Amino acid sequence: MKSIKFFMVAVLSVLCLTASAQRSATNGTSKGYQGFIEGKLAFGGGDYSAAGVFTSHGYQFNPYVFFGGGAGLMVGSSSADGYVDRYIDDKVMVPIYANIKINILNKKISPMIDGKLGYSISDAKGLFFATSVGCRIRLGNHAIIPSLGYKAQQLDVKYLDKTETYGFTTLGCTFEF
């Protein structure tokens, strides 16, 4: 597990360095390739919580609309005495998704909306959905985006022999390059 995390961090670091050289700002957001790295904490689903990293890459059509795809790695666990712990094993979630981001304003500071829809592989197999709202703060050719959102993930429930969808409140911080 540590080697997977190290590998993802190394790959994302290289992507950031190479992509930042390819971008020039025009009215706050350039047209063309756009990349994002996001750290996310998820709470909810009883006593179940998760932490992870996501990366999205795609095309910025104008200062307002981005569309691309991405993947993430989330590790979730439940507390020892919680209700959910009795039915859900600790899970590694690897979602692969389509991603759309909407910047509301073409300003240095702008509200934004983010949506992801895809399928999670690995321990937690099934539908993956995440949406968030945040504030995009431009820093030269880059930006940071603190956000609050909602994530839904299908999880296999042990002992009940079925799959259920669990919802989580999320806190995230995204670096745009």
# chains A, B, ... in the order shown; residues from 1 in each chain; ligands from 1
call {"tool": "residues_around", "arguments": {"residues": "region 35-47 of chain A", "least_positions_apart": "2", "cutoff": "7 Å", "atoms": "only C-alpha atoms", "output": "JSON, numbers by chain"}}
result
{"A": [33, 49, 50, 51, 52, 53, 54, 55, 56, 57, 58, 78, 79, 82, 83, 84, 166, 167, 168, 169, 170, 171, 172, 173, 174, 175, 176, 177]}
call {"tool": "residues_around", "arguments": {"residues": "Gln60 (chain A)", "least_positions_apart": "5", "cutoff": "10 Å", "atoms": "only C-alpha atoms", "output": "ChimeraX atom specification"}}
result
/A:29-35,65-68,100-102
call {"tool": "write_last_selection", "arguments": {"atoms": "N, CA and C atoms", "output": "short mmCIF file (atom, residue, chain, number, x, y, z; two decimals), in the first residue's frame"}}
result
data_model
loop_
_atom_site.label_atom_id
_atom_site.label_comp_id
_atom_site.auth_asym_id
_atom_site.auth_seq_id
_atom_site.Cartn_x
_atom_site.Cartn_y
_atom_site.Cartn_z
N THR A 29 -7.81 31.93 -17.04
CA THR A 29 -7.83 30.51 -17.34
C THR A 29 -7.53 30.34 -18.82
N SER A 30 -6.52 29.56 -19.13
CA SER A 30 -6.15 29.38 -20.53
C SER A 30 -7.01 28.31 -21.20
N LYS A 31 -7.05 28.38 -22.51
CA LYS A 31 -7.75 27.39 -23.32
C LYS A 31 -6.74 26.30 -23.65
N GLY A 32 -7.14 25.04 -23.55
CA GLY A 32 -6.24 23.95 -23.86
C GLY A 32 -6.14 22.97 -22.70
N TYR A 33 -4.99 22.26 -22.65
CA TYR A 33 -4.78 21.25 -21.60
C TYR A 33 -4.90 21.87 -20.21
N GLN A 34 -5.54 21.13 -19.31
CA GLN A 34 -5.68 21.56 -17.91
C GLN A 34 -5.52 20.32 -17.03
N GLY A 35 -4.84 20.47 -15.92
CA GLY A 35 -4.67 19.36 -14.98
C GLY A 35 -5.00 19.78 -13.56
N VAL A 65 -15.56 26.46 -18.74
CA VAL A 65 -15.89 25.03 -18.83
C VAL A 65 -14.64 24.17 -19.07
N PHE A 66 -14.47 23.17 -18.21
CA PHE A 66 -13.44 22.14 -18.34
C PHE A 66 -14.13 20.79 -18.43
N PHE A 67 -13.63 19.92 -19.33
CA PHE A 67 -14.11 18.54 -19.38
C PHE A 67 -12.92 17.62 -19.56
N GLY A 68 -12.88 16.55 -18.77
CA GLY A 68 -11.78 15.61 -18.86
C GLY A 68 -12.10 14.31 -18.15
N ILE A 100 -16.30 17.17 -15.03
CA ILE A 100 -16.65 18.48 -15.57
C ILE A 100 -16.49 19.50 -14.46
N LYS A 101 -15.90 20.63 -14.80
CA LYS A 101 -15.74 21.74 -13.85
C LYS A 101 -16.27 23.00 -14.51
N ILE A 102 -17.03 23.77 -13.75
CA ILE A 102 -17.60 25.02 -14.23
C ILE A 102 -17.12 26.15 -13.33
#
call {"tool": "closest_residue", "arguments": {"among": "A:Lys108, A:Arg136, A:Lys91, A:His142", "to": "Ile121 (chain A)", "atoms": "only C-alpha atoms"}}
result
A:Lys91
call {"tool": "residues_around", "arguments": {"residues": "Phe129 (chain A)", "least_positions_apart": "5", "cutoff": "7 Å", "atoms": "only C-alpha atoms", "output": "list of chain:residue names"}}
result
A:Lys116, A:Leu117, A:Gly118, A:Lys151, A:Ala152, A:Gln153
call {"tool": "write_last_selection", "arguments": {"atoms": "all heavy atoms", "output": "mmCIF file, in the first residue's frame"}}
result
data_model
loop_
_atom_site.group_PDB
_atom_site.id
_atom_site.type_symbol
_atom_site.label_atom_id
_atom_site.label_comp_id
_atom_site.auth_asym_id
_atom_site.auth_seq_id
_atom_site.Cartn_x
_atom_site.Cartn_y
_atom_site.Cartn_z
ATOM 1 N N LYS A 116 -18.044 14.606 -10.883
ATOM 2 C CA LYS A 116 -17.333 13.415 -11.349
ATOM 3 C C LYS A 116 -18.316 12.256 -11.372
ATOM 4 O O LYS A 116 -19.087 12.079 -10.438
ATOM 5 C CB LYS A 116 -16.178 13.062 -10.410
ATOM 6 C CG LYS A 116 -15.088 14.110 -10.312
ATOM 7 C CD LYS A 116 -14.047 13.703 -9.270
ATOM 8 C CE LYS A 116 -12.924 14.693 -9.161
ATOM 9 N NZ LYS A 116 -13.250 15.892 -8.434
ATOM 10 N N LEU A 117 -18.261 11.437 -12.431
ATOM 11 C CA LEU A 117 -19.107 10.255 -12.530
ATOM 12 C C LEU A 117 -18.287 9.150 -13.173
ATOM 13 O O LEU A 117 -17.660 9.347 -14.212
ATOM 14 C CB LEU A 117 -20.346 10.539 -13.387
ATOM 15 C CG LEU A 117 -21.306 9.371 -13.577
ATOM 16 C CD1 LEU A 117 -21.918 8.943 -12.241
ATOM 17 C CD2 LEU A 117 -22.393 9.735 -14.567
ATOM 18 N N GLY A 118 -18.279 7.985 -12.517
ATOM 19 C CA GLY A 118 -17.508 6.882 -13.064
ATOM 20 C C GLY A 118 -17.747 5.588 -12.326
ATOM 21 O O GLY A 118 -18.812 5.376 -11.729
ATOM 22 N N LYS A 151 -20.082 12.782 -1.914
ATOM 23 C CA LYS A 151 -19.565 11.637 -2.675
ATOM 24 C C LYS A 151 -20.453 10.442 -2.391
ATOM 25 O O LYS A 151 -20.819 10.194 -1.247
ATOM 26 C CB LYS A 151 -18.132 11.346 -2.243
ATOM 27 C CG LYS A 151 -17.529 10.083 -2.784
ATOM 28 C CD LYS A 151 -16.124 9.935 -2.212
ATOM 29 C CE LYS A 151 -15.563 8.591 -2.114
ATOM 30 N NZ LYS A 151 -16.321 7.432 -1.985
ATOM 31 N N ALA A 152 -20.791 9.701 -3.421
ATOM 32 C CA ALA A 152 -21.546 8.457 -3.270
ATOM 33 C C ALA A 152 -20.713 7.326 -3.848
ATOM 34 O O ALA A 152 -20.127 7.461 -4.920
ATOM 35 C CB ALA A 152 -22.892 8.550 -3.973
ATOM 36 N N GLN A 153 -20.649 6.221 -3.121
ATOM 37 C CA GLN A 153 -19.856 5.070 -3.542
ATOM 38 C C GLN A 153 -20.607 3.796 -3.210
ATOM 39 O O GLN A 153 -21.085 3.636 -2.088
ATOM 40 C CB GLN A 153 -18.509 5.073 -2.815
ATOM 41 C CG GLN A 153 -17.653 3.858 -3.076
ATOM 42 C CD GLN A 153 -17.143 3.788 -4.501
ATOM 43 O OE1 GLN A 153 -16.487 4.693 -4.969
ATOM 44 N NE2 GLN A 153 -17.455 2.713 -5.198
#
call {"tool": "residues_around", "arguments": {"residues": "region 92-94 of chain A", "least_positions_apart": "4", "cutoff": "6 Å", "atoms": "only C-alpha atoms", "output": "JSON, numbers by chain"}}
result
{"A": [72, 73, 74, 75, 120, 121, 122, 123, 124]}
call {"tool": "write_last_selection", "arguments": {"atoms": "all heavy atoms", "output": "JSON list (two decimals), in the first residue's frame"}}
result
[["chain", "number", "residue", "atom", "x", "y", "z"],
["A", 72, "GLY", "N", -8.50, 8.19, -9.11],
["A", 72, "GLY", "CA", -8.18, 8.53, -7.74],
["A", 72, "GLY", "C", -7.83, 7.31, -6.93],
["A", 72, "GLY", "O", -7.96, 6.17, -7.39],
["A", 73, "LEU", "N", -7.37, 7.56, -5.74],
["A", 73, "LEU", "CA", -7.08, 6.50, -4.78],
["A", 73, "LEU", "C", -7.58, 6.97, -3.43],
["A", 73, "LEU", "O", -7.13, 8.00, -2.92],
["A", 73, "LEU", "CB", -5.58, 6.21, -4.71],
["A", 73, "LEU", "CG", -5.14, 5.22, -3.64],
["A", 73, "LEU", "CD1", -5.67, 3.82, -3.95],
["A", 73, "LEU", "CD2", -3.63, 5.20, -3.52],
["A", 74, "MET", "N", -8.57, 6.26, -2.87],
["A", 74, "MET", "CA", -9.09, 6.58, -1.54],
["A", 74, "MET", "C", -8.98, 5.35, -0.67],
["A", 74, "MET", "O", -9.23, 4.23, -1.12],
["A", 74, "MET", "CB", -10.54, 7.03, -1.60],
["A", 74, "MET", "CG", -10.74, 8.39, -2.20],
["A", 74, "MET", "SD", -12.34, 9.11, -1.82],
["A", 74, "MET", "CE", -12.01, 9.81, -0.22],
["A", 75, "VAL", "N", -8.61, 5.57, 0.57],
["A", 75, "VAL", "CA", -8.54, 4.49, 1.55],
["A", 75, "VAL", "C", -9.55, 4.83, 2.63],
["A", 75, "VAL", "O", -9.51, 5.91, 3.21],
["A", 75, "VAL", "CB", -7.12, 4.37, 2.14],
["A", 75, "VAL", "CG1", -7.08, 3.27, 3.17],
["A", 75, "VAL", "CG2", -6.11, 4.12, 1.04],
["A", 120, "SER", "N", -15.75, 2.63, -9.75],
["A", 120, "SER", "CA", -14.63, 2.35, -8.86],
["A", 120, "SER", "C", -14.22, 0.88, -8.98],
["A", 120, "SER", "O", -15.06, -0.01, -9.00],
["A", 120, "SER", "CB", -15.02, 2.66, -7.42],
["A", 120, "SER", "OG", -13.90, 2.52, -6.57],
["A", 121, "ILE", "N", -12.92, 0.66, -9.09],
["A", 121, "ILE", "CA", -12.39, -0.70, -9.16],
["A", 121, "ILE", "C", -11.64, -0.97, -7.85],
["A", 121, "ILE", "O", -11.64, -0.15, -6.96],
["A", 121, "ILE", "CB", -11.46, -0.86, -10.38],
["A", 121, "ILE", "CG1", -10.31, 0.13, -10.33],
["A", 121, "ILE", "CG2", -12.25, -0.70, -11.66],
["A", 121, "ILE", "CD1", -9.30, -0.03, -11.45],
["A", 122, "SER", "N", -11.05, -2.09, -7.71],
["A", 122, "SER", "CA", -10.31, -2.51, -6.51],
["A", 122, "SER", "C", -11.27, -3.08, -5.49],
["A", 122, "SER", "O", -12.21, -3.77, -5.86],
["A", 122, "SER", "CB", -9.48, -1.35, -5.95],
["A", 122, "SER", "OG", -8.59, -1.84, -4.98],
["A", 123, "ASP", "N", -11.05, -2.81, -4.19],
["A", 123, "ASP", "CA", -11.90, -3.40, -3.13],
["A", 123, "ASP", "C", -13.36, -2.96, -3.24],
["A", 123, "ASP", "O", -14.27, -3.75, -3.05],
["A", 123, "ASP", "CB", -11.39, -2.99, -1.75],
["A", 123, "ASP", "CG", -10.04, -3.60, -1.42],
["A", 123, "ASP", "OD1", -9.64, -4.55, -2.11],
["A", 123, "ASP", "OD2", -9.40, -3.10, -0.49],
["A", 124, "ALA", "N", -13.57, -1.68, -3.49],
["A", 124, "ALA", "CA", -14.93, -1.14, -3.59],
["A", 124, "ALA", "C", -15.28, -1.02, -5.06],
["A", 124, "ALA", "O", -14.89, -0.07, -5.72],
["A", 124, "ALA", "CB", -15.02, 0.20, -2.89]]
call {"tool": "atom_distance", "arguments": {"atom1": "CA of Gly76 (chain A)", "atom2": "CA of Ser132 (chain A)"}}
result
19.2 Å
call {"tool": "atom_distance", "arguments": {"atom1": "CA of Gly134 (chain A)", "atom2": "CA of Tyr64 (chain A)"}}
result
14.0 Å
call {"tool": "atom_distance", "arguments": {"atom1": "CA of Leu127 (chain A)", "atom2": "CA of Gln154 (chain A)"}}
result
5.7 Å
call {"tool": "decode", "arguments": {"residues": "region 34-48 of chain A", "atoms": "N, CA and C atoms", "output": "PDB file, in the first residue's frame"}}
result
ATOM      1  N   GLN A  34      -5.541  21.134 -19.307  1.00  0.00           N
ATOM      2  CA  GLN A  34      -5.682  21.557 -17.911  1.00  0.00           C
ATOM      3  C   GLN A  34      -5.516  20.316 -17.031  1.00  0.00           C
ATOM      4  N   GLY A  35      -4.844  20.466 -15.919  1.00  0.00           N
ATOM      5  CA  GLY A  35      -4.671  19.361 -14.981  1.00  0.00           C
ATOM      6  C   GLY A  35      -5.002  19.783 -13.560  1.00  0.00           C
ATOM      7  N   PHE A  36      -5.444  18.820 -12.762  1.00  0.00           N
ATOM      8  CA  PHE A  36      -5.839  19.073 -11.378  1.00  0.00           C
ATOM      9  C   PHE A  36      -5.354  17.929 -10.492  1.00  0.00           C
ATOM     10  N   ILE A  37      -4.897  18.264  -9.291  1.00  0.00           N
ATOM     11  CA  ILE A  37      -4.602  17.276  -8.253  1.00  0.00           C
ATOM     12  C   ILE A  37      -5.407  17.690  -7.035  1.00  0.00           C
ATOM     13  N   GLU A  38      -6.140  16.746  -6.456  1.00  0.00           N
ATOM     14  CA  GLU A  38      -7.054  17.061  -5.358  1.00  0.00           C
ATOM     15  C   GLU A  38      -6.848  16.109  -4.194  1.00  0.00           C
ATOM     16  N   GLY A  39      -6.710  16.673  -3.013  1.00  0.00           N
ATOM     17  CA  GLY A  39      -6.728  15.892  -1.782  1.00  0.00           C
ATOM     18  C   GLY A  39      -8.118  15.975  -1.206  1.00  0.00           C
ATOM     19  N   LYS A  40      -8.644  14.862  -0.704  1.00  0.00           N
ATOM     20  CA  LYS A  40     -10.036  14.846  -0.252  1.00  0.00           C
ATOM     21  C   LYS A  40     -10.179  14.013   1.010  1.00  0.00           C
ATOM     22  N   LEU A  41     -10.978  14.520   1.956  1.00  0.00           N
ATOM     23  CA  LEU A  41     -11.398  13.781   3.142  1.00  0.00           C
ATOM     24  C   LEU A  41     -12.895  13.562   3.029  1.00  0.00           C
ATOM     25  N   ALA A  42     -13.360  12.350   3.344  1.00  0.00           N
ATOM     26  CA  ALA A  42     -14.784  12.020   3.254  1.00  0.00           C
ATOM     27  C   ALA A  42     -15.269  11.505   4.597  1.00  0.00           C
ATOM     28  N   PHE A  43     -16.402  12.040   5.063  1.00  0.00           N
ATOM     29  CA  PHE A  43     -16.989  11.650   6.341  1.00  0.00           C
ATOM     30  C   PHE A  43     -18.441  11.266   6.122  1.00  0.00           C
ATOM     31  N   GLY A  44     -18.937  10.308   6.872  1.00  0.00           N
ATOM     32  CA  GLY A  44     -20.340   9.933   6.768  1.00  0.00           C
ATOM     33  C   GLY A  44     -20.497   8.446   6.608  1.00  0.00           C
ATOM     34  N   GLY A  45     -21.656   8.031   6.127  1.00  0.00           N
ATOM     35  CA  GLY A  45     -21.911   6.612   5.965  1.00  0.00           C
ATOM     36  C   GLY A  45     -21.789   5.881   7.289  1.00  0.00           C
ATOM     37  N   GLY A  46     -22.412   6.425   8.332  1.00  0.00           N
ATOM     38  CA  GLY A  46     -22.257   5.862   9.674  1.00  0.00           C
ATOM     39  C   GLY A  46     -20.937   6.320  10.249  1.00  0.00           C
ATOM     40  N   ASP A  47     -20.107   5.392  10.677  1.00  0.00           N
ATOM     41  CA  ASP A  47     -18.799   5.716  11.240  1.00  0.00           C
ATOM     42  C   ASP A  47     -17.682   5.504  10.226  1.00  0.00           C
ATOM     43  N   TYR A  48     -18.004   5.468   8.957  1.00  0.00           N
ATOM     44  CA  TYR A  48     -17.041   5.213   7.903  1.00  0.00           C
ATOM     45  C   TYR A  48     -16.455   6.531   7.417  1.00  0.00           C
TER      46      TYR A  48
END
